$ cat protein30.txt   # compact mmCIF, C-alpha atoms and all ligand atoms
# COMPACT_ATOMS: atom_id res chain seq x y z
CA MET A 62 -60.95 95.94 -89.40
CA THR A 63 -57.22 96.32 -89.42
CA THR A 64 -54.44 94.12 -90.71
CA LEU A 65 -51.90 95.84 -88.43
CA PHE A 66 -50.53 94.79 -85.06
CA PRO A 67 -52.31 96.95 -82.50
CA THR A 68 -49.06 98.45 -81.11
CA TYR A 69 -50.55 101.93 -81.44
CA ASN A 70 -53.91 103.39 -80.44
CA ARG A 71 -54.50 105.50 -83.51
CA PHE A 72 -56.63 108.62 -83.73
CA PRO A 73 -59.49 108.14 -86.22
CA PHE A 74 -58.12 110.38 -88.96
CA GLU A 75 -55.22 110.23 -91.39
CA LEU A 76 -52.84 113.06 -92.23
CA ILE A 77 -52.45 113.01 -95.97
CA SER A 78 -50.62 116.20 -96.80
CA GLY A 79 -48.76 119.09 -95.24
CA GLU A 80 -47.55 122.55 -96.05
CA GLY A 81 -45.22 124.49 -93.76
CA VAL A 82 -46.50 123.88 -90.21
CA THR A 83 -50.03 122.87 -91.24
CA VAL A 84 -51.16 119.31 -91.97
CA PHE A 85 -54.42 118.18 -93.59
CA ASP A 86 -56.52 115.08 -92.98
CA GLN A 87 -58.48 112.99 -95.49
CA GLU A 88 -61.53 115.19 -95.03
CA GLY A 89 -59.66 118.40 -95.69
CA ASN A 90 -59.54 119.50 -92.03
CA SER A 91 -56.38 121.46 -91.27
CA TYR A 92 -54.29 121.28 -88.12
CA LEU A 93 -51.53 123.47 -86.75
CA ASP A 94 -48.82 120.91 -85.99
CA LEU A 95 -47.21 121.11 -82.55
CA THR A 96 -45.75 117.59 -82.83
CA SER A 97 -43.42 117.58 -85.87
CA GLY A 98 -44.31 113.88 -86.20
CA ILE A 99 -42.70 113.41 -82.75
CA GLY A 100 -39.74 115.73 -83.19
CA VAL A 101 -38.98 114.68 -86.77
CA CYS A 102 -40.33 117.22 -89.28
CA ASN A 103 -38.48 120.10 -87.63
CA LEU A 104 -38.44 122.06 -90.89
CA GLY A 105 -42.13 121.45 -91.56
CA TYR A 106 -43.83 119.84 -94.52
CA ASN A 107 -43.41 120.02 -98.29
CA VAL A 108 -40.12 121.91 -97.96
CA LYS A 109 -38.91 122.91 -101.42
CA GLN A 110 -35.16 122.60 -100.72
CA LEU A 111 -35.59 119.16 -99.16
CA ASN A 112 -37.92 117.92 -101.89
CA GLU A 113 -35.43 119.05 -104.52
CA ALA A 114 -32.46 117.40 -102.81
CA VAL A 115 -34.25 114.07 -102.32
CA THR A 116 -35.80 114.12 -105.82
CA ALA A 117 -32.40 114.77 -107.39
CA GLN A 118 -30.91 111.83 -105.46
CA LEU A 119 -33.92 109.66 -106.37
CA GLY A 120 -33.08 110.13 -110.02
CA GLN A 121 -29.42 109.16 -109.46
CA ILE A 122 -29.19 106.16 -107.16
CA TRP A 123 -31.35 104.97 -104.25
CA HIS A 124 -29.05 102.57 -102.53
CA THR A 125 -25.46 101.43 -102.78
CA SER A 126 -24.65 99.49 -99.55
CA ASN A 127 -21.82 100.56 -97.29
CA LEU A 128 -19.22 98.63 -99.31
CA TYR A 129 -18.44 101.71 -101.40
CA GLU A 130 -17.34 105.24 -100.66
CA SER A 131 -20.02 107.79 -99.90
CA HIS A 132 -19.34 111.48 -100.36
CA LEU A 133 -22.81 112.22 -98.95
CA GLN A 134 -22.09 110.37 -95.70
CA GLU A 135 -18.79 112.25 -95.46
CA GLU A 136 -20.52 115.60 -95.98
CA VAL A 137 -23.23 114.91 -93.41
CA ALA A 138 -20.63 113.59 -90.95
CA GLU A 139 -18.58 116.77 -91.35
CA LYS A 140 -21.62 118.90 -90.63
CA LEU A 141 -22.52 116.80 -87.58
CA THR A 142 -19.03 116.89 -86.11
CA GLN A 143 -18.61 120.65 -86.68
CA GLY A 144 -14.84 120.59 -87.05
CA THR A 145 -14.20 118.52 -83.91
CA GLU A 146 -12.13 115.34 -83.72
CA LYS A 147 -15.10 113.01 -84.04
CA VAL A 148 -16.35 110.30 -86.38
CA VAL A 149 -19.86 109.16 -87.31
CA PHE A 150 -21.66 105.85 -87.86
CA PHE A 151 -24.96 106.13 -89.73
CA CYS A 152 -27.96 103.89 -89.12
CA ASN A 153 -31.75 104.16 -89.48
CA SER A 154 -33.26 105.19 -86.14
CA GLY A 155 -32.67 106.45 -82.64
CA THR A 156 -32.90 102.92 -81.32
CA GLU A 157 -30.17 101.77 -83.68
CA ALA A 158 -27.97 104.74 -82.79
CA ASN A 159 -28.24 103.86 -79.08
CA GLU A 160 -27.69 100.19 -79.87
CA ALA A 161 -24.47 101.16 -81.68
CA ALA A 162 -23.44 103.38 -78.74
CA LEU A 163 -24.00 100.52 -76.30
CA LYS A 164 -21.92 98.11 -78.37
CA LEU A 165 -19.16 100.67 -78.98
CA ALA A 166 -18.93 101.59 -75.28
CA ARG A 167 -18.59 97.93 -74.33
CA LYS A 168 -16.07 97.11 -77.04
CA ALA A 169 -13.94 100.21 -76.45
CA THR A 170 -13.75 99.84 -72.66
CA GLY A 171 -13.82 96.06 -72.31
CA LYS A 172 -16.45 96.61 -69.60
CA THR A 173 -20.17 95.79 -69.81
CA LYS A 174 -21.98 97.77 -67.09
CA ILE A 175 -24.02 100.81 -68.04
CA LEU A 176 -25.54 103.44 -65.78
CA SER A 177 -28.84 104.97 -66.87
CA PHE A 178 -31.62 107.03 -65.31
CA ALA A 179 -35.16 106.56 -64.07
CA HIS A 180 -37.74 107.79 -66.61
CA SER A 181 -35.23 107.71 -69.44
CA PHE A 182 -36.15 106.50 -72.92
CA HIS A 183 -33.60 105.10 -75.35
CA GLY A 184 -35.56 102.80 -77.67
CA ARG A 185 -37.36 99.50 -78.06
CA SER A 186 -34.77 96.94 -79.19
CA VAL A 187 -33.60 94.55 -76.48
CA GLY A 188 -30.37 96.54 -76.02
CA SER A 189 -31.84 100.03 -76.05
CA LEU A 190 -34.88 98.91 -74.02
CA SER A 191 -32.47 97.58 -71.43
CA LEU A 192 -31.12 101.14 -71.10
CA THR A 193 -34.64 102.58 -70.74
CA GLY A 194 -35.86 103.54 -67.26
CA ASN A 195 -39.51 102.57 -67.69
CA GLU A 196 -40.54 99.20 -66.20
CA LYS A 197 -43.97 99.24 -67.82
CA ILE A 198 -42.71 98.97 -71.39
CA LYS A 199 -40.24 96.19 -70.44
CA GLU A 200 -42.90 93.88 -69.03
CA GLY A 201 -43.34 90.46 -70.60
CA PHE A 202 -40.19 90.45 -72.70
CA GLY A 203 -38.15 88.24 -70.41
CA ASP A 204 -34.57 88.92 -69.35
CA LEU A 205 -33.09 92.07 -70.77
CA LEU A 206 -29.44 93.07 -70.25
CA SER A 207 -28.76 92.54 -66.57
CA ASP A 208 -25.84 94.89 -66.11
CA VAL A 209 -27.73 98.18 -66.42
CA THR A 210 -28.31 100.18 -63.24
CA PHE A 211 -30.85 102.99 -62.90
CA VAL A 212 -30.49 105.99 -60.62
CA ALA A 213 -32.51 109.19 -60.14
CA TYR A 214 -32.22 111.96 -62.73
CA ASN A 215 -31.17 115.46 -61.64
CA ASP A 216 -30.09 114.04 -58.28
CA PHE A 217 -26.57 114.68 -56.97
CA HIS A 218 -26.70 111.45 -54.90
CA SER A 219 -26.81 109.55 -58.20
CA LEU A 220 -23.28 110.70 -59.00
CA GLN A 221 -21.96 108.37 -56.29
CA ALA A 222 -23.12 105.46 -58.43
CA VAL A 223 -20.60 106.37 -61.15
CA THR A 224 -17.66 104.03 -60.54
CA SER A 225 -14.83 102.71 -62.68
CA GLU A 226 -16.77 99.44 -63.05
CA TYR A 227 -19.00 101.07 -65.62
CA ALA A 228 -18.36 101.18 -69.36
CA ALA A 229 -20.65 104.18 -69.81
CA VAL A 230 -23.36 106.44 -68.49
CA ILE A 231 -26.20 107.22 -70.90
CA VAL A 232 -28.27 110.35 -70.36
CA GLU A 233 -30.73 112.69 -72.09
CA VAL A 234 -30.09 116.42 -71.60
CA ILE A 235 -33.87 116.82 -71.42
CA GLN A 236 -35.89 113.67 -70.75
CA GLY A 237 -38.55 113.61 -73.49
CA GLU A 238 -40.85 110.58 -73.22
CA GLY A 239 -40.09 110.56 -69.48
CA GLY A 240 -41.90 113.86 -68.87
CA MET A 241 -40.00 116.73 -70.54
CA THR A 242 -37.66 117.17 -67.58
CA ALA A 243 -34.70 119.44 -68.29
CA GLY A 244 -31.43 118.33 -66.76
CA GLU A 245 -29.98 120.99 -64.47
CA ALA A 246 -26.74 122.55 -65.73
CA ASP A 247 -24.81 121.94 -62.48
CA TRP A 248 -25.91 118.35 -62.30
CA LEU A 249 -25.17 117.53 -65.94
CA GLU A 250 -21.73 119.12 -65.67
CA ALA A 251 -20.99 117.28 -62.40
CA LEU A 252 -22.05 114.03 -64.11
CA ASP A 253 -19.64 114.72 -66.96
CA ALA A 254 -16.83 115.46 -64.48
CA GLU A 255 -17.58 112.29 -62.51
CA CYS A 256 -17.42 110.21 -65.71
CA LYS A 257 -14.06 111.75 -66.65
CA GLU A 258 -12.66 111.14 -63.17
CA LYS A 259 -13.75 107.50 -63.07
CA GLY A 260 -12.82 106.67 -66.66
CA VAL A 261 -16.42 106.07 -67.71
CA LEU A 262 -17.69 107.03 -71.17
CA LEU A 263 -20.47 109.62 -71.33
CA ILE A 264 -23.15 108.87 -73.92
CA ILE A 265 -25.63 111.68 -74.55
CA ASP A 266 -28.86 110.64 -76.27
CA GLU A 267 -29.82 113.64 -78.43
CA VAL A 268 -32.40 111.75 -80.48
CA GLN A 269 -35.20 114.11 -79.42
CA THR A 270 -33.27 117.13 -78.12
CA GLY A 271 -30.94 117.48 -81.11
CA ILE A 272 -30.95 119.08 -84.56
CA GLY A 273 -31.87 122.56 -83.38
CA ARG A 274 -34.78 121.70 -81.06
CA THR A 275 -33.43 123.79 -78.18
CA GLY A 276 -31.67 126.51 -80.17
CA LYS A 277 -28.34 124.66 -80.48
CA LEU A 278 -27.54 121.87 -82.92
CA PHE A 279 -27.34 119.60 -79.84
CA ALA A 280 -28.82 120.48 -76.46
CA TYR A 281 -25.62 119.53 -74.61
CA GLN A 282 -23.91 122.49 -76.29
CA HIS A 283 -25.74 124.82 -73.89
CA TYR A 284 -23.48 123.48 -71.13
CA ALA A 285 -19.84 122.68 -70.42
CA LEU A 286 -20.28 119.05 -71.49
CA ASP A 287 -17.88 116.89 -73.44
CA PRO A 288 -19.66 113.63 -74.33
CA ASP A 289 -17.66 110.72 -75.72
CA ILE A 290 -20.63 109.54 -77.78
CA VAL A 291 -23.70 111.44 -79.01
CA THR A 292 -26.69 109.75 -80.65
CA SER A 293 -29.01 111.50 -83.08
CA ALA A 294 -32.00 110.56 -85.24
CA LYS A 295 -35.56 111.98 -85.36
CA GLY A 296 -35.10 115.46 -86.90
CA LEU A 297 -31.89 114.67 -88.75
CA ALA A 298 -33.44 114.00 -92.16
CA ASN A 299 -36.85 115.68 -91.54
CA GLY A 300 -38.73 112.40 -91.95
CA ILE A 301 -36.60 110.06 -93.98
CA PRO A 302 -35.45 107.33 -91.58
CA VAL A 303 -31.93 107.97 -90.32
CA GLY A 304 -29.85 107.65 -87.19
CA ALA A 305 -26.31 108.68 -86.35
CA MET A 306 -23.81 107.85 -83.66
CA ILE A 307 -21.09 110.46 -83.25
CA GLY A 308 -18.05 109.41 -81.27
CA LYS A 309 -14.64 110.70 -80.31
CA LYS A 310 -11.91 109.68 -82.72
CA GLU A 311 -10.08 107.61 -80.12
CA LEU A 312 -13.08 105.24 -80.08
CA ALA A 313 -12.78 104.58 -83.82
CA ALA A 314 -10.40 101.63 -83.45
CA ALA A 315 -13.00 99.70 -81.42
CA PHE A 316 -15.38 99.79 -84.39
CA SER A 317 -12.95 98.40 -86.94
CA ALA A 318 -14.13 96.74 -90.18
CA GLY A 319 -16.56 93.92 -89.51
CA THR A 320 -17.41 94.81 -85.90
CA HIS A 321 -20.74 96.52 -86.59
CA GLY A 322 -22.83 97.23 -89.65
CA THR A 323 -26.12 97.97 -91.34
CA THR A 324 -27.59 97.44 -94.80
CA PHE A 325 -29.60 100.64 -95.07
CA GLY A 326 -27.73 102.96 -92.67
CA GLY A 327 -26.50 106.12 -94.37
CA ASN A 328 -28.73 105.45 -97.38
CA PRO A 329 -28.22 108.07 -100.14
CA LEU A 330 -31.83 109.34 -99.93
CA ALA A 331 -31.55 109.85 -96.17
CA MET A 332 -28.12 111.46 -96.56
CA ALA A 333 -29.37 113.83 -99.28
CA ALA A 334 -32.15 114.96 -96.92
CA ALA A 335 -29.87 115.20 -93.86
CA ASN A 336 -27.30 117.19 -95.83
CA GLN A 337 -29.95 119.80 -96.68
CA VAL A 338 -31.39 119.82 -93.15
CA LEU A 339 -27.94 120.58 -91.74
CA THR A 340 -27.37 123.25 -94.41
CA ILE A 341 -30.63 125.00 -93.49
CA ILE A 342 -29.99 124.80 -89.72
CA ASP A 343 -27.21 127.39 -89.48
CA ASP A 344 -26.40 129.88 -86.69
CA GLU A 345 -29.02 132.34 -87.86
CA PHE A 346 -31.69 129.62 -87.92
CA LEU A 347 -30.71 128.52 -84.40
CA GLU A 348 -30.85 132.11 -83.13
CA ALA A 349 -34.38 132.40 -84.53
CA VAL A 350 -35.37 129.18 -82.73
CA THR A 351 -34.13 130.66 -79.46
CA GLN A 352 -36.11 133.86 -79.99
CA LYS A 353 -39.30 131.98 -80.89
CA ALA A 354 -38.87 129.68 -77.94
CA ASP A 355 -38.49 132.68 -75.60
CA LEU A 356 -41.70 134.15 -77.02
CA PHE A 357 -43.60 130.86 -76.68
CA TRP A 358 -42.45 130.33 -73.10
CA TYR A 359 -43.46 133.90 -72.24
CA TYR A 360 -46.96 133.41 -73.64
CA LEU A 361 -47.45 129.93 -72.22
CA GLU A 362 -46.43 131.10 -68.76
CA LYS A 363 -48.66 134.17 -69.08
CA GLU A 364 -51.72 132.32 -70.43
CA LEU A 365 -51.50 129.22 -68.27
CA SER A 366 -50.29 130.59 -64.94
CA ASP A 367 -53.77 131.07 -63.50
CA ILE A 368 -55.22 127.79 -64.77
CA GLU A 369 -55.88 125.60 -61.77
CA PHE A 370 -55.10 122.25 -63.42
CA VAL A 371 -51.74 123.35 -64.83
CA GLU A 372 -49.08 122.27 -62.33
CA GLY A 373 -46.07 123.59 -64.22
CA ILE A 374 -44.24 123.97 -67.50
CA SER A 375 -40.90 122.30 -68.18
CA GLY A 376 -38.39 121.60 -70.93
CA LYS A 377 -36.17 123.89 -72.94
CA GLY A 378 -36.34 125.70 -76.28
CA LEU A 379 -39.14 124.32 -78.45
CA MET A 380 -39.32 121.12 -76.40
CA ILE A 381 -42.01 121.87 -73.85
CA GLY A 382 -44.10 119.92 -71.33
CA ILE A 383 -47.24 121.29 -69.70
CA HIS A 384 -47.89 119.27 -66.57
CA LEU A 385 -51.58 118.68 -65.90
CA ALA A 386 -53.25 117.70 -62.65
CA LYS A 387 -54.54 114.13 -62.69
CA GLU A 388 -58.16 115.34 -62.72
CA LEU A 389 -57.56 116.49 -66.29
CA PRO A 390 -56.27 113.50 -68.33
CA VAL A 391 -53.87 114.60 -71.04
CA ALA A 392 -55.58 112.27 -73.57
CA ASP A 393 -58.79 114.31 -73.21
CA VAL A 394 -56.90 117.56 -73.75
CA ILE A 395 -55.20 116.22 -76.88
CA GLN A 396 -58.57 115.24 -78.36
CA ALA A 397 -60.17 118.56 -77.45
CA LEU A 398 -57.24 120.29 -79.19
CA HIS A 399 -57.89 118.22 -82.33
CA GLN A 400 -61.35 119.81 -82.44
CA GLU A 401 -59.62 123.20 -82.33
CA GLY A 402 -57.29 122.22 -85.16
CA ILE A 403 -54.11 121.67 -83.12
CA LEU A 404 -51.96 118.53 -82.89
CA THR A 405 -50.12 117.85 -79.64
CA LEU A 406 -48.48 114.88 -77.88
CA SER A 407 -48.31 113.43 -74.41
CA ALA A 408 -45.39 112.39 -72.22
CA HIS A 409 -45.08 110.47 -68.95
CA GLY A 410 -46.84 111.90 -65.92
CA ASN A 411 -49.97 113.41 -67.54
CA THR A 412 -47.82 115.85 -69.49
CA LEU A 413 -48.98 117.67 -72.61
CA ARG A 414 -45.92 117.59 -74.87
CA LEU A 415 -45.26 120.26 -77.49
CA LEU A 416 -42.63 119.80 -80.22
CA PRO A 417 -43.60 122.36 -82.87
CA PRO A 418 -41.69 122.50 -86.15
CA LEU A 419 -38.76 124.88 -85.67
CA VAL A 420 -39.92 126.95 -88.65
CA ILE A 421 -43.19 127.92 -86.93
CA LYS A 422 -43.81 131.68 -86.75
CA GLY A 423 -44.06 133.69 -83.55
CA ALA A 424 -47.66 134.64 -84.33
CA GLU A 425 -48.58 130.95 -84.70
CA LEU A 426 -47.03 130.17 -81.33
CA ILE A 427 -48.98 132.99 -79.69
CA GLU A 428 -52.20 131.71 -81.27
CA ALA A 429 -51.37 128.17 -80.13
CA SER A 430 -50.80 129.30 -76.53
CA GLN A 431 -54.17 131.06 -76.52
CA LYS A 432 -56.00 128.03 -77.94
CA ILE A 433 -54.32 125.75 -75.42
CA LYS A 434 -55.53 128.07 -72.68
CA GLN A 435 -59.08 128.02 -74.06
CA VAL A 436 -59.15 124.24 -74.31
CA LEU A 437 -57.75 123.79 -70.80
CA GLN A 438 -60.35 126.20 -69.42
CA THR A 439 -63.30 124.50 -71.15
CA SER A 440 -62.00 121.03 -70.28
CA MET A 441 -61.93 122.08 -66.64
CA VAL A 442 -65.58 123.08 -66.76
CA HIS A 443 -66.49 119.63 -68.07
CA GLN A 444 -64.68 117.80 -65.25
C1 LIG B 501 -37.50 108.59 -79.97
C2 LIG B 501 -36.34 108.36 -79.09
C3 LIG B 501 -35.52 107.21 -79.24
C4 LIG B 501 -35.87 106.11 -80.21
O1 LIG B 501 -35.79 106.53 -81.52
P1 LIG B 501 -36.47 105.65 -82.70
O2 LIG B 501 -36.09 106.39 -83.95
O3 LIG B 501 -37.93 105.63 -82.42
O4 LIG B 501 -35.87 104.30 -82.63
C5 LIG B 501 -34.39 107.11 -78.45
N1 LIG B 501 -34.08 108.07 -77.56
C6 LIG B 501 -34.83 109.17 -77.39
C7 LIG B 501 -34.41 110.20 -76.40
C8 LIG B 501 -36.00 109.35 -78.13
O5 LIG B 501 -36.75 110.43 -77.94
$ encode --input "protein30.txt" --output "structure tokens" --more "lines below"
Ligand SMILES: *Cc1c(COP(=O)(O)O)cnc(C)c1O
Amino acid sequence: MTTLFPTYNRFPFELISGEGVTVFDQEGNSYLDLTSGIGVCNLGYNVKQLNEAVTAQLGQIWHTSNLYESHLQEEVAEKLTQGTEKVVFFCNSGTEANEAALKLARKATGKTKILSFAHSFHGRSVGSLSLTGNEKIKEGFGDLLSDVTFVAYNDFHSLQAVTSEYAAVIVEVIQGEGGMTAGEADWLEALDAECKEKGVLLIIDEVQTGIGRTGKLFAYQHYALDPDIVTSAKGLANGIPVGAMIGKKELAAAFSAGTHGTTFGGNPLAMAAANQVLTIIDDEFLEAVTQKADLFWYYLEKELSDIEFVEGISGKGLMIGIHLAKELPVADVIQALHQEGILTLSAHGNTLRLLPPLVIKGAELIEASQKIKQVLQTSMVHQ
């Protein structure tokens, strides 16, 4: 019996504690976590520095509303903007960050049309769902925003769709839910150029790709991209709900007092956590992520290259999709990996999705790649 809406098919165990990159269920079974709670606990579990920062804030004040000054919001905003001419609006989730971006883009440009991409994911509210390129999850909810157009991702023909009629284009640098597809550098940069030429704002959704996941604070920083708005959430406070919309300073006037708001956004507990997260994720940390990612990719490619049902590996950094042939359903692989003490995720297109905590050690990644190989081999035998 459950008293919950059945919006999730839950696995029949509960994770009740965690330490580093290992989580434990109610029966004491341990699992190597390759999910980070869907890209959230990037620094792992029971992190001393984070616990201390949040506990200290807990003993001071939990909540103040946004009617008063907040030195913590200012500090986190400074870290997020990295000395650039940008400003930040804090909220509580990725959905809310994209919702804010949508409203800001419309208000700032006076236009309403948005261009988005097939297989994109931007959230579940009516606004952010309208931007999402997945018909299946929109079914049954009636009319969503009508002035959103979808075109193919990584396709140069799509650039022709960018016209001055649009307020904004919204794009993920790597499509996460949509199948772990990395945007190609040339294409992303051409998209940026097209937006600039046509006077269309570029919104980059970094909710999953950001906060160090690919070896940069934001994935767009690998390329010559200059987004007008960037949205962040998931890993930003390592598990305390938070979202952020980062925008160019010239957009600030469109979000004047009273135009947008939130009760909880930028809550002191979330800000205390985010402030520590962004202190820990420095250049040295990011360099280590890049090195570990290179190692993991090397081993995954080595171990999985001769497995018949593996059709390819995609993504970037520690955001990785292993594409399985349809004969081998990803749900079966995820469950078989549970038996081996490994947590993984799925993404669109029968993709095994890996989002390990960024603090995972090289040796753990090598072990994980070998166990994934083992499980894929045995699952094949059972087909
Ligand atoms: C998870 C995700 C969202 C939605 O974030 P929530 O915090 O679940 O609202 C939006 N965009 C992308 C790219 C995501 O991965």
$ closest_residue --input "protein30.txt" --among "A:Leu347, A:Ala335, A:Ile341, A:Ala254" --to "Leu379 in chain A" --atoms "all atoms listed in the file"
A:Leu347
$ residues_near_ligand --input "protein30.txt" --ligand "ligand LIG 501 (chain B)" --cutoff "10 Å" --atoms "only C-alpha atoms and all ligand atoms" --output "PyMOL selection string"
chain A and resi 99-101+152-160+181-186+189-190+192-193+232-239+265-271+292-296+302-304
$ atom_distance --input "protein30.txt" --atom1 "CA of Phe346 in chain A" --atom2 "CA of Leu419 in chain A"
8.8 Å
$ atom_distance --input "protein30.txt" --atom1 "CA of Lys172 in chain A" --atom2 "CA of Thr320 in chain A"
16.4 Å
$ atom_distance --input "protein30.txt" --atom1 "CA of Gly319 in chain A" --atom2 "CA of Leu263 in chain A"
24.3 Å
$ residues_around --input "protein30.txt" --residues "range 225-231 of chain A" --least-positions-apart "2" --cutoff "8 Å" --atoms "only C-alpha atoms" --output "list of chain:residue names"
A:Ala166, A:Arg167, A:Thr170, A:Gly171, A:Lys172, A:Thr173, A:Lys174, A:Ile175, A:Leu176, A:Ser177, A:Phe178, A:Leu192, A:Val223, A:Glu233, A:Cys256, A:Lys259, A:Gly260, A:Val261, A:Leu262, A:Leu263, A:Ile264, A:Ile265, A:Asp266
$ closest_residue --input "protein30.txt" --among "A:Val149, A:Leu416, A:Ile383, A:Leu252" --to "Ser366 in chain A" --atoms "only C-alpha atoms"
A:Ile383
$ closest_residue --input "protein30.txt" --among "A:Ser317, A:Gln396, A:Ser430, A:Thr210" --to "Tyr360 in chain A" --atoms "only C-alpha atoms"
A:Ser430
$ residues_near_point --input "protein30.txt" --point "(-21.4, 99.9, -101.4)" --cutoff "12 Å" --atoms "all atoms listed in the file" --output "VMD selection string"
chain A and resid 122 to 132 134 323 to 329
$ closest_residue --input "protein30.txt" --among "A:Leu406, A:Leu133, A:Leu286, A:Met380" --to "Ala392 in chain A" --atoms "all atoms listed in the file"
A:Leu406
$ residues_around --input "protein30.txt" --residues "range 240-248 of chain A" --least-positions-apart "5" --cutoff "8 Å" --atoms "all atoms listed in the file" --output "PyMOL selection string"
chain A and resi 180+214-217+233-235+284+375-377+380-382+408-410+412+414
$ closest_residue --input "protein30.txt" --among "A:Phe151, A:Tyr92, A:Phe370, A:Tyr106" --to "Thr405 in chain A" --atoms "all atoms listed in the file"
A:Tyr92
$ closest_residue --input "protein30.txt" --among "A:Ile198, A:Leu437, A:Ile307, A:Ala386" --to "Val148 in chain A" --atoms "all atoms listed in the file"
A:Ile307
$ residues_around --input "protein30.txt" --residues "Ile368 in chain A" --least-positions-apart "2" --cutoff "12 Å" --atoms "all atoms listed in the file" --output "list in words"
Leu361, Glu362, Lys363, Glu364, Leu365, Ser366, Phe370, Val371, Glu372, Gly373, Ile374, Ile383, His384, Leu385, Ala386, Leu389, Ile433, Lys434, Gln435, Val436, Leu437, Gln438, Thr439, Ser440, Met441 and Val442 of chain A
$ residues_around --input "protein30.txt" --residues "Ser91 in chain A" --least-positions-apart "5" --cutoff "10 Å" --atoms "all atoms listed in the file" --output "number ranges by chain"
A: 76, 78-79, 83-86, 399, 401-404
